[in-house]
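Pasted below: query23.cif, mmCIF, C-alpha atoms.
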```
data_data
loop_
_atom_site.label_atom_id
_atom_site.label_comp_id
_atom_site.auth_asym_id
_atom_site.auth_seq_id
_atom_site.Cartn_x
_atom_site.Cartn_y
_atom_site.Cartn_z
CA MET A 682 100.98 133.42 99.24
CA ASN A 683 104.00 135.74 99.43
CA ARG A 684 107.34 134.62 98.20
CA GLU A 685 108.51 134.73 101.83
CA ASN A 686 105.84 132.25 102.83
CA ARG A 687 106.66 129.80 100.09
CA VAL A 688 108.41 126.59 100.92
CA SER A 689 111.79 125.67 99.45
CA VAL A 690 112.12 122.68 97.15
CA THR A 691 114.67 121.15 99.54
CA VAL A 692 112.08 121.11 102.31
CA ILE A 693 109.42 119.70 100.00
CA ARG A 694 111.74 116.86 99.03
CA ARG A 695 112.01 115.89 102.68
CA LEU A 696 108.23 115.58 103.12
CA PRO A 697 107.92 112.18 101.39
CA LYS A 698 110.61 110.89 103.73
CA TYR A 699 108.73 112.08 106.83
CA TYR A 700 105.59 110.58 105.34
CA ARG A 701 107.29 107.22 104.86
CA TYR A 702 108.69 107.12 108.42
CA LEU A 703 105.34 108.11 109.89
CA GLY A 704 103.67 105.35 107.86
CA GLU A 705 106.10 102.85 109.38
CA LEU A 706 105.41 104.15 112.90
CA LEU A 707 101.68 103.92 112.22
CA LYS A 708 102.06 100.27 111.20
CA LYS A 709 103.91 99.57 114.45
CA GLY A 710 101.04 101.16 116.40
CA THR A 711 103.03 104.16 117.66
CA ASN A 712 100.67 106.97 118.71
CA ARG A 713 103.02 109.88 119.18
CA ILE A 714 106.60 110.81 118.51
CA SER A 715 108.92 113.66 119.45
CA SER A 716 111.06 115.59 116.99
CA GLN A 717 114.07 114.05 118.82
CA GLU A 718 112.87 110.53 118.04
CA LEU A 719 112.08 111.53 114.45
CA SER A 720 115.61 112.92 114.27
CA LYS A 721 117.08 109.55 115.21
CA MET A 722 115.00 107.83 112.52
CA THR A 723 115.56 110.27 109.70
CA GLY A 724 119.02 111.66 110.34
CA PHE A 725 117.76 115.25 110.15
CA THR A 726 118.19 117.38 113.29
CA ALA A 727 115.18 117.83 115.59
CA SER A 728 115.19 121.57 114.97
CA GLN A 729 115.27 120.99 111.21
CA ILE A 730 112.26 118.71 111.49
CA ARG A 731 110.30 121.20 113.61
CA GLN A 732 111.16 123.98 111.16
CA ASP A 733 110.19 121.88 108.13
CA LEU A 734 106.83 120.89 109.57
CA ASN A 735 106.09 124.40 110.83
CA ASN A 736 106.01 125.51 107.20
CA PHE A 737 102.73 123.67 106.83
CA GLY A 738 101.09 124.51 110.15
CA GLY A 739 101.75 123.86 113.84
CA PHE A 740 101.44 120.09 114.01
CA GLY A 741 103.40 119.40 117.18
CA GLN A 742 102.67 120.25 120.80
CA GLN A 743 105.38 121.29 123.24
CA GLY A 744 106.07 118.40 125.61
CA TYR A 745 103.79 116.01 123.73
CA GLY A 746 105.37 115.70 120.32
CA TYR A 747 103.48 114.80 117.18
CA ASN A 748 100.35 112.71 116.86
CA VAL A 749 101.58 110.11 114.36
CA GLU A 750 98.24 109.32 112.72
CA GLU A 751 97.25 112.96 112.35
CA LEU A 752 100.64 114.10 111.03
CA HIS A 753 100.76 111.19 108.58
CA ALA A 754 97.28 112.07 107.28
CA GLN A 755 98.13 115.78 107.04
CA LEU A 756 101.39 115.16 105.18
CA GLY A 757 99.57 112.77 102.84
CA LYS A 758 97.10 115.55 102.06
CA ILE A 759 99.88 118.10 101.54
CA LEU A 760 101.60 115.68 99.16
CA GLY A 761 98.33 115.19 97.28
CA LEU A 762 98.14 111.51 98.22
CA ASN A 763 94.46 111.76 99.19
CA LYS A 764 93.60 111.67 95.47
CA VAL A 765 93.83 109.15 92.65
CA TYR A 766 96.00 109.94 89.62
CA LYS A 767 95.63 108.29 86.24
CA THR A 768 98.98 107.51 84.65
CA VAL A 769 100.41 105.84 81.56
CA ILE A 770 103.92 104.58 80.85
CA ALA A 771 105.71 105.29 77.56
CA GLY A 772 108.42 102.68 77.06
CA ALA A 773 107.49 99.08 77.93
CA GLY A 774 111.04 97.78 78.32
CA ASN A 775 112.47 96.49 81.60
CA LEU A 776 112.18 99.79 83.43
CA GLY A 777 108.60 100.45 82.27
CA GLN A 778 107.65 96.92 83.24
CA ALA A 779 109.35 97.30 86.63
CA ILE A 780 107.23 100.37 87.36
CA ALA A 781 104.06 98.69 86.09
CA ASN A 782 104.76 95.72 88.36
CA TYR A 783 105.50 97.75 91.47
CA LYS A 784 102.41 97.58 93.67
CA GLY A 785 103.51 100.47 95.89
CA PHE A 786 102.62 103.12 93.31
CA GLN A 787 99.09 101.77 92.85
CA ASP A 788 98.62 101.58 96.62
CA ALA A 789 99.55 105.26 96.91
CA GLY A 790 96.87 106.25 94.39
CA PHE A 791 98.85 106.27 91.15
CA LYS A 792 96.73 104.13 88.86
CA ILE A 793 98.54 102.93 85.74
CA LEU A 794 96.07 102.51 82.86
CA ALA A 795 98.36 101.22 80.09
CA LEU A 796 101.91 100.99 78.74
CA PHE A 797 102.87 102.18 75.26
CA ASP A 798 105.71 101.14 72.99
CA LYS A 799 106.63 101.17 69.33
CA ASN A 800 108.12 97.67 69.35
CA PRO A 801 105.68 95.30 67.53
CA LYS A 802 106.97 92.41 69.64
CA LEU A 803 105.72 94.12 72.80
CA ILE A 804 102.47 95.65 71.52
CA GLY A 805 99.54 93.41 72.48
CA LEU A 806 101.28 91.81 75.47
CA ARG A 807 100.14 92.40 79.03
CA ILE A 808 102.03 93.34 82.20
CA ARG A 809 99.85 92.10 85.05
CA ASP A 810 96.43 93.17 83.78
CA LEU A 811 97.80 96.18 81.88
CA PRO A 812 97.90 96.24 78.07
CA ILE A 813 100.97 97.30 76.08
CA MET A 814 99.56 99.44 73.29
CA ASP A 815 100.97 101.09 70.17
CA VAL A 816 102.52 104.46 70.96
CA ASP A 817 100.64 105.86 67.94
CA GLU A 818 97.42 105.41 69.93
CA MET A 819 98.79 107.14 73.03
CA GLU A 820 97.66 110.72 72.41
CA GLU A 821 94.05 109.65 71.77
CA PHE A 822 94.07 107.31 74.76
CA ILE A 823 95.30 110.03 77.12
CA LYS A 824 92.65 112.48 75.93
CA GLU A 825 89.83 109.95 76.24
CA ASN A 826 90.90 108.75 79.67
CA GLU A 827 91.96 112.15 81.02
CA VAL A 828 95.34 110.88 82.14
CA ASP A 829 97.04 113.09 84.76
CA ILE A 830 100.65 111.87 84.73
CA GLY A 831 102.81 110.57 81.89
CA ILE A 832 105.79 108.39 82.77
CA ILE A 833 108.78 108.24 80.40
CA THR A 834 110.93 105.10 80.41
CA THR A 835 112.05 105.26 76.76
CA PRO A 836 115.64 105.70 75.59
CA LYS A 837 116.97 109.27 75.78
CA GLU A 838 116.51 109.77 72.03
CA ASN A 839 112.72 109.38 72.18
CA ALA A 840 112.08 111.26 75.42
CA GLN A 841 111.33 114.70 73.96
CA ASP A 842 108.94 113.28 71.34
CA ILE A 843 107.06 111.44 74.06
CA ALA A 844 106.97 114.58 76.21
CA ASP A 845 105.53 116.52 73.25
CA ILE A 846 102.75 113.94 72.87
CA TYR A 847 102.04 114.06 76.60
CA ILE A 848 101.77 117.84 76.54
CA ARG A 849 99.53 117.91 73.43
CA ALA A 850 97.29 115.29 75.02
CA GLY A 851 96.96 117.34 78.19
CA VAL A 852 98.86 115.58 80.98
CA LYS A 853 99.66 117.82 83.95
CA GLY A 854 102.84 116.14 85.10
CA ILE A 855 105.66 114.05 83.67
CA TRP A 856 107.77 111.54 85.60
CA ASN A 857 110.90 111.24 83.49
CA PHE A 858 113.46 108.42 83.76
CA ALA A 859 115.26 109.19 80.48
CA PRO A 860 118.63 110.93 80.97
CA ALA A 861 117.47 113.99 79.03
CA ASP A 862 116.28 117.44 80.06
CA LEU A 863 112.82 117.92 78.62
CA ARG A 864 111.66 121.21 77.14
CA VAL A 865 108.12 121.78 78.39
CA ASP A 866 105.76 124.70 79.03
CA ASP A 867 105.91 126.31 82.46
CA ASP A 868 102.58 124.83 83.52
CA ILE A 869 103.78 121.23 83.12
CA ILE A 870 105.44 119.73 86.19
CA VAL A 871 108.44 117.53 85.38
CA GLU A 872 110.06 115.29 87.97
CA ASN A 873 113.30 113.72 86.75
CA VAL A 874 114.88 110.54 88.02
CA HIS A 875 118.44 110.80 86.76
CA LEU A 876 119.93 107.45 87.73
CA ASN A 877 123.34 108.34 86.33
CA GLU A 878 123.53 111.31 88.68
CA SER A 879 122.68 109.15 91.66
CA LEU A 880 125.37 106.62 90.72
CA PHE A 881 127.96 109.36 90.20
CA THR A 882 127.12 110.79 93.63
CA LEU A 883 127.85 107.35 95.08
CA SER A 884 131.21 107.23 93.33
CA TYR A 885 132.02 110.74 94.59
CA PHE A 886 131.49 109.60 98.17
CA LEU A 887 133.54 106.45 97.60
CA ASN A 888 136.43 108.69 96.59
CA ASN A 889 135.95 111.60 98.99
CA ARG A 890 134.88 110.07 102.25
CA GLN A 891 135.64 112.90 104.65
CA GLU A 892 135.26 115.92 102.48
CA TYR A 893 131.63 116.79 102.85
CA VAL A 894 129.07 117.95 105.39
CA ARG A 895 125.52 116.69 105.63
CA ASP A 896 122.89 119.34 105.08
CA MET B 213 140.50 119.33 105.49
CA ASN B 214 138.67 121.57 107.99
CA ARG B 215 134.96 121.27 108.42
CA GLU B 216 134.71 124.82 106.98
CA ASN B 217 136.40 123.68 103.79
CA ARG B 218 134.14 120.69 103.30
CA VAL B 219 131.56 120.73 100.58
CA SER B 220 127.85 120.37 101.29
CA VAL B 221 125.96 117.36 99.99
CA THR B 222 123.62 119.67 98.07
CA VAL B 223 126.57 121.03 96.09
CA ILE B 224 127.94 117.55 95.50
CA ARG B 225 124.58 116.44 94.10
CA ARG B 226 124.80 119.21 91.51
CA LEU B 227 128.20 118.05 90.21
CA PRO B 228 126.86 115.13 88.14
CA LYS B 229 124.46 117.56 86.49
CA TYR B 230 127.28 119.93 85.52
CA TYR B 231 129.23 116.93 84.33
CA ARG B 232 126.35 115.81 82.11
CA TYR B 233 125.83 119.24 80.57
CA LEU B 234 129.55 119.65 79.93
CA GLY B 235 129.60 116.24 78.27
CA GLU B 236 126.82 117.39 75.94
CA LEU B 237 128.70 120.61 75.12
CA LEU B 238 131.83 118.58 74.45
CA LYS B 239 129.93 116.38 71.98
CA LYS B 240 128.72 119.50 70.18
CA GLY B 241 132.31 120.72 69.93
CA THR B 242 131.89 123.73 72.25
CA ASN B 243 135.29 124.87 73.55
CA ARG B 244 134.34 127.29 76.26
CA ILE B 245 131.29 128.43 78.16
CA SER B 246 130.46 131.23 80.58
CA SER B 247 128.67 130.73 83.89
CA GLN B 248 125.79 132.73 82.36
CA GLU B 249 125.42 130.23 79.53
CA LEU B 250 125.70 127.33 81.98
CA SER B 251 123.00 129.04 84.01
CA LYS B 252 120.62 129.01 81.04
CA MET B 253 121.29 125.31 80.48
CA THR B 254 121.06 124.13 84.05
CA GLY B 255 118.57 126.50 85.65
CA PHE B 256 121.00 127.34 88.47
CA THR B 257 122.09 130.97 88.79
CA ALA B 258 125.47 131.98 87.37
CA SER B 259 126.70 132.98 90.82
CA GLN B 260 125.57 129.62 92.24
CA ILE B 261 127.52 127.82 89.53
CA ARG B 262 130.68 129.87 90.13
CA GLN B 263 130.37 129.26 93.87
CA ASP B 264 129.82 125.52 93.41
CA LEU B 265 132.81 125.10 91.12
CA ASN B 266 135.05 127.30 93.28
CA ASN B 267 134.72 124.68 96.01
CA PHE B 268 136.94 122.43 93.95
CA GLY B 269 139.47 124.94 92.63
CA GLY B 270 139.45 127.99 90.39
CA PHE B 271 138.38 126.53 87.07
CA GLY B 272 137.05 129.64 85.35
CA GLN B 273 138.80 132.74 84.07
CA GLN B 274 137.27 136.19 84.31
CA GLY B 275 136.10 137.24 80.84
CA TYR B 276 136.88 133.87 79.29
CA GLY B 277 134.60 131.48 81.08
CA TYR B 278 135.28 127.78 81.48
CA ASN B 279 137.27 125.51 79.21
CA VAL B 280 134.67 122.81 78.54
CA GLU B 281 137.02 119.90 77.98
CA GLU B 282 139.17 120.71 81.00
CA LEU B 283 136.24 121.30 83.35
CA HIS B 284 134.54 118.11 82.15
CA ALA B 285 137.71 116.10 82.79
CA GLN B 286 138.25 117.71 86.21
CA LEU B 287 134.67 117.11 87.33
CA GLY B 288 134.91 113.52 86.11
CA LYS B 289 137.99 113.08 88.26
CA ILE B 290 136.32 114.69 91.29
CA LEU B 291 133.34 112.34 90.83
CA GLY B 292 135.71 109.37 90.64
CA LEU B 293 134.74 108.61 87.05
CA ASN B 294 138.36 108.17 85.97
CA LYS B 295 138.29 104.70 87.56
CA VAL B 296 136.55 101.40 86.90
CA TYR B 297 134.22 99.98 89.55
CA LYS B 298 133.21 96.34 89.78
CA THR B 299 129.54 95.92 90.65
CA VAL B 300 126.95 93.19 91.10
CA ILE B 301 123.16 93.38 91.16
CA ALA B 302 121.08 91.55 93.79
CA GLY B 303 117.56 91.10 92.44
CA ALA B 304 117.27 90.02 88.79
CA GLY B 305 113.67 91.14 88.28
CA ASN B 306 112.63 93.90 85.86
CA LEU B 307 114.51 96.65 87.65
CA GLY B 308 117.72 94.63 88.02
CA GLN B 309 117.50 93.67 84.35
CA ALA B 310 116.86 97.29 83.35
CA ILE B 311 120.05 98.35 85.10
CA ALA B 312 122.02 95.44 83.63
CA ASN B 313 120.80 96.42 80.15
CA TYR B 314 121.57 100.11 80.46
CA LYS B 315 124.78 100.74 78.58
CA GLY B 316 125.31 104.19 80.13
CA PHE B 317 126.53 102.77 83.43
CA GLN B 318 129.13 100.54 81.76
CA ASP B 319 130.32 103.45 79.61
CA ALA B 320 130.87 105.50 82.77
CA GLY B 321 133.12 102.81 84.25
CA PHE B 322 130.63 100.82 86.34
CA LYS B 323 131.25 97.27 85.23
CA ILE B 324 128.49 94.84 86.17
CA LEU B 325 129.94 91.34 86.71
CA ALA B 326 126.79 89.35 87.50
CA LEU B 327 123.20 89.42 88.76
CA PHE B 328 122.01 87.34 91.71
CA ASP B 329 118.56 86.06 92.58
CA LYS B 330 116.93 83.33 94.66
CA ASN B 331 114.31 82.48 92.02
CA PRO B 332 115.26 79.12 90.40
CA LYS B 333 113.48 80.20 87.21
CA LEU B 334 115.93 83.09 86.80
CA ILE B 335 119.15 81.42 87.99
CA GLY B 336 121.19 80.27 85.00
CA LEU B 337 119.69 82.75 82.54
CA ARG B 338 121.73 85.57 81.02
CA ILE B 339 121.04 89.29 80.65
CA ARG B 340 123.18 90.38 77.73
CA ASP B 341 126.39 88.49 78.49
CA LEU B 342 125.83 88.61 82.26
CA PRO B 343 124.94 85.48 84.24
CA ILE B 344 122.11 85.36 86.77
CA MET B 345 123.55 83.37 89.66
CA ASP B 346 122.21 81.92 92.91
CA VAL B 347 122.22 84.51 95.68
CA ASP B 348 123.77 81.86 97.95
CA GLU B 349 126.95 82.17 95.88
CA MET B 350 127.03 85.96 96.08
CA GLU B 351 129.24 86.47 99.14
CA GLU B 352 131.95 84.18 97.78
CA PHE B 353 131.75 85.75 94.31
CA ILE B 354 132.14 89.28 95.70
CA LYS B 355 135.17 88.30 97.77
CA GLU B 356 136.86 86.49 94.88
CA ASN B 357 136.22 89.28 92.40
CA GLU B 358 136.81 92.18 94.80
CA VAL B 359 133.52 93.85 93.92
CA ASP B 360 133.36 97.56 94.84
CA ILE B 361 129.65 98.37 94.64
CA GLY B 362 126.60 96.26 95.43
CA ILE B 363 123.30 97.21 93.79
CA ILE B 364 120.03 96.25 95.52
CA THR B 365 116.92 95.79 93.36
CA THR B 366 115.18 93.21 95.54
CA PRO B 367 111.84 93.73 97.29
CA LYS B 368 111.97 95.82 100.47
CA GLU B 369 111.75 92.71 102.68
CA ASN B 370 115.08 91.28 101.44
CA ALA B 371 117.06 94.51 101.26
CA GLN B 372 118.66 94.39 104.71
CA ASP B 373 119.72 90.74 104.30
CA ILE B 374 121.36 91.61 100.99
CA ALA B 375 123.04 94.64 102.53
CA ASP B 376 124.42 92.42 105.31
CA ILE B 377 125.91 90.02 102.74
CA TYR B 378 127.41 92.94 100.82
CA ILE B 379 129.03 94.30 103.97
CA ARG B 380 130.39 90.91 105.08
CA ALA B 381 131.80 90.37 101.60
CA GLY B 382 133.55 93.75 101.66
CA VAL B 383 131.81 96.06 99.21
CA LYS B 384 132.55 99.75 99.79
CA GLY B 385 129.31 101.22 98.49
CA ILE B 386 125.68 100.19 98.09
CA TRP B 387 123.27 101.57 95.48
CA ASN B 388 119.88 100.83 96.97
CA PHE B 389 116.60 100.86 95.03
CA ALA B 390 114.53 99.08 97.70
CA PRO B 391 112.25 101.42 99.65
CA ALA B 392 113.98 100.61 102.92
CA ASP B 393 116.54 102.41 105.06
CA LEU B 394 119.52 100.15 105.41
CA ARG B 395 121.44 99.80 108.65
CA VAL B 396 125.14 99.79 107.73
CA ASP B 397 128.47 100.65 109.33
CA ASP B 398 129.67 104.22 109.01
CA ASP B 399 132.39 103.29 106.53
CA ILE B 400 129.90 101.93 103.95
CA ILE B 401 128.51 104.51 101.52
CA VAL B 402 124.83 104.04 100.75
CA GLU B 403 123.11 105.91 97.94
CA ASN B 404 119.34 105.44 97.95
CA VAL B 405 117.02 105.82 94.98
CA HIS B 406 113.62 106.19 96.61
CA LEU B 407 111.26 106.19 93.64
CA ASN B 408 108.20 106.63 95.85
CA GLU B 409 109.63 109.86 97.21
CA SER B 410 110.26 111.17 93.71
CA LEU B 411 106.68 110.36 92.65
CA PHE B 412 105.25 111.98 95.80
CA THR B 413 107.27 115.13 95.09
CA LEU B 414 105.66 115.22 91.64
CA SER B 415 102.19 114.93 93.14
CA TYR B 416 103.02 117.69 95.64
CA PHE B 417 103.87 120.04 92.79
CA LEU B 418 100.74 119.05 90.87
CA ASN B 419 98.71 120.17 93.88
CA ASN B 420 100.76 123.18 95.01
CA ARG B 421 101.87 124.90 91.87
CA GLN B 422 102.73 128.33 93.22
CA GLU B 423 103.72 127.59 96.73
CA TYR B 424 107.40 126.92 96.47
CA VAL B 425 110.69 128.58 95.64
CA ARG B 426 113.50 126.95 93.69
CA ASP B 427 116.73 126.59 95.59
#
```

When written as structure tokens, how does the structure in this file appear?
Amino acid sequence: MNRENRVSVTVIRRLPKYYRYLGELLKKGTNRISSQELSKMTGFTASQIRQDLNNFGGFGQQGYGYNVEELHAQLGKILGLNKVYKTVIAGAGNLGQAIANYKGFQDAGFKILALFDKNPKLIGLRIRDLPIMDVDEMEEFIKENEVDIGIITTPKENAQDIADIYIRAGVKGIWNFAPADLRVDDDIIVENVHLNESLFTLSYFLNNRQEYVRD
Amino acid sequence: MNRENRVSVTVIRRLPKYYRYLGELLKKGTNRISSQELSKMTGFTASQIRQDLNNFGGFGQQGYGYNVEELHAQLGKILGLNKVYKTVIAGAGNLGQAIANYKGFQDAGFKILALFDKNPKLIGLRIRDLPIMDVDEMEEFIKENEVDIGIITTPKENAQDIADIYIRAGVKGIWNFAPADLRVDDDIIVENVHLNESLFTLSYFLNNRQEYVRD
């Protein structure tokens, strides 16, 4: 694929949103939808939506719109949601437990195998049917179970050490909730959830209501 | 301010990142930094950084770079972090408790006053020094205490009801963790944290390693 044909990260970040809306339409029994109707739902312009989706192939038909079921399935495939991923969580505090308890991730194919912590009070407990294990056993566990994705919900101070274990053990991707920028090899995919940054964006908008344009 | 002078949301979302990096430099005792050095830290190009910061005034000096302390303070002010915000959390499950326990938000001026839930087993308990109260008392509490920001960590099904209470009670902004799109008046700022979308972006990149360009 040429650089020109590659898709921008901004577009990619909109795909999960389209996928979610299409899933809702599917539940309601909607068969087809126009880019104009999708625009009303998502807040993106109709031309933006057509452009975004054209990056991945000509899904829509002039005068007909999009077939909801087909587009939903195709986007799911593009997002890699037609597979099952094995994951573990490092950090079994509130945030780790919240993720372990959230059924939506499992339903989407992200199978959590275990949580890990260094706190002796937590080790041995269970969250739903998932064990909390000693973080010292994590590397071995990941290798044996061929875990794909490592989730980090530890304090900032421990995040890089956990990332190093994940990389040694062979995970392909890291979902990082610690407010730290991880140093990893180029072939490891890191997705950060920086909650501070989201909160600060909210406070920006509270203080600067008119001074921005949507894009 | 003309539309032409307004700042794009994409730029605004980068400001908290600059703010965080500058805070780290400040801790290390760094006095000044060039856009090239900031580029290495943040992964954005030097010209992108200069352009972003120029939106808010000419902070840098040719051949000198940026004064770290000054730029950090200015960005903090632009982000509205020179104020204190009163917040409450609706949903005292794991995620709500995780947020209540995270000291970073308090340190940045976001003062959590209470958590609310409808579960009788949770009502009356405390998270740190914060009470978990009955959600039926929330509207009154928000009015009396002039709460600025309402946080939603309930299941998806309850999110709109909570948002409606927040709006009636007069909050100005909502930080929403429920995977639902809230219907609110135009004058209410909503910042969504859609964790599903973040996870799906990770799985996209795991499956399409080469086929994107950073932007």

Counting only C-alpha atoms, what is within 8 Å of region 762-778 of chain A, bar same-chain residues fewer than 4 positions away, as a PyMOL selection string? (chain A and resi 757-758+782+789-798+803+808+813+816+823+827-836+843) or (chain B and resi 306-307+309-310+412+415)

Check the smallest atom-to-atom distance from each of B:Gly255, B:Pro332, B:Pro228, B:Pro391 to chain A using all atoms listed in the file, then report the winner.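 Closest residue, counting all atoms listed in the file: B:Pro228.
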
Expected axis-aligned box over every listed atom of region 337-356 of chain B, 4 Å added per side, centre plus edges in Å to one decimal, as AutoDock Vina command-line options:
```
--center_x 128.3 --center_y 86.1 --center_z 88.4 --size_x 25.2 --size_y 16.5 --size_z 29.4
```

Compile a residue-level contact table for chain B against chain A at a cut-off of 7 Å, reporting for every qualifying residue the shortest atom pair and its distance in Å to one decimal, with all atoms listed in the file counted, rows ordered by chain and ascending number, as CSV.
```
residue,atom,partner,partner_atom,distance
B:Met213,CA,A:Glu892,CA,6.9
B:Arg218,CA,A:Tyr893,CA,4.7
B:Val219,CA,A:Tyr893,CA,4.5
B:Ser220,CA,A:Val894,CA,4.9
B:Val221,CA,A:Arg895,CA,5.7
B:Arg225,CA,A:Thr882,CA,6.2
B:Pro228,CA,A:Glu878,CA,5.1
B:Lys229,CA,A:Glu878,CA,6.7
B:Ile290,CA,A:Tyr885,CA,6.7
B:Leu291,CA,A:Tyr885,CA,4.3
B:Gly292,CA,A:Tyr885,CA,5.6
B:Asn306,CA,A:Ala779,CA,4.8
B:Leu307,CA,A:Ala779,CA,5.3
B:Gln309,CA,A:Asn775,CA,6.4
B:Ala310,CA,A:Asn775,CA,4.8
B:Gly385,CA,A:Leu887,CA,6.8
B:Ile401,CA,A:Leu887,CA,6.7
B:Glu403,CA,A:Leu883,CA,5.7
B:Glu409,CA,A:Pro697,CA,5.1
B:Phe412,CA,A:Leu760,CA,6.2
B:Thr413,CA,A:Arg694,CA,6.2
B:Leu414,CA,A:Glu872,CA,5.7
B:Ser415,CA,A:Gly761,CA,5.7
B:Tyr416,CA,A:Leu760,CA,4.3
B:Phe417,CA,A:Ile870,CA,6.8
B:Leu418,CA,A:Ile870,CA,6.7
B:Asn419,CA,A:Gly761,CA,6.0
B:Glu423,CA,A:Arg687,CA,5.0
B:Tyr424,CA,A:Val688,CA,4.6
B:Val425,CA,A:Ser689,CA,4.9
B:Arg426,CA,A:Val690,CA,5.7
B:Asp427,CA,A:Val690,CA,6.2
```

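Reported to one decimal place, the separation of CA of Asp319 (chain B) from CA of Ala285 (chain B) is 15.0 Å.
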
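CA of Lys355 (chain B) is positioned 6.9 Å from CA of Gly382 (chain B).
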
Could you write out as a ChimeraX atom specification the residues that the PyMOL selection byres ((chain B and resi 246-252) around 12) matches in the shown file? /B:229-234,236-237,242-245,253-266,271-280,283

If I take CA of Val383 (chain B) and CA of Ala371 (chain B), how far is one from the other in Å, to one decimal?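 Interatomic distance, CA of Val383 (chain B) to CA of Ala371 (chain B): 15.0 Å.
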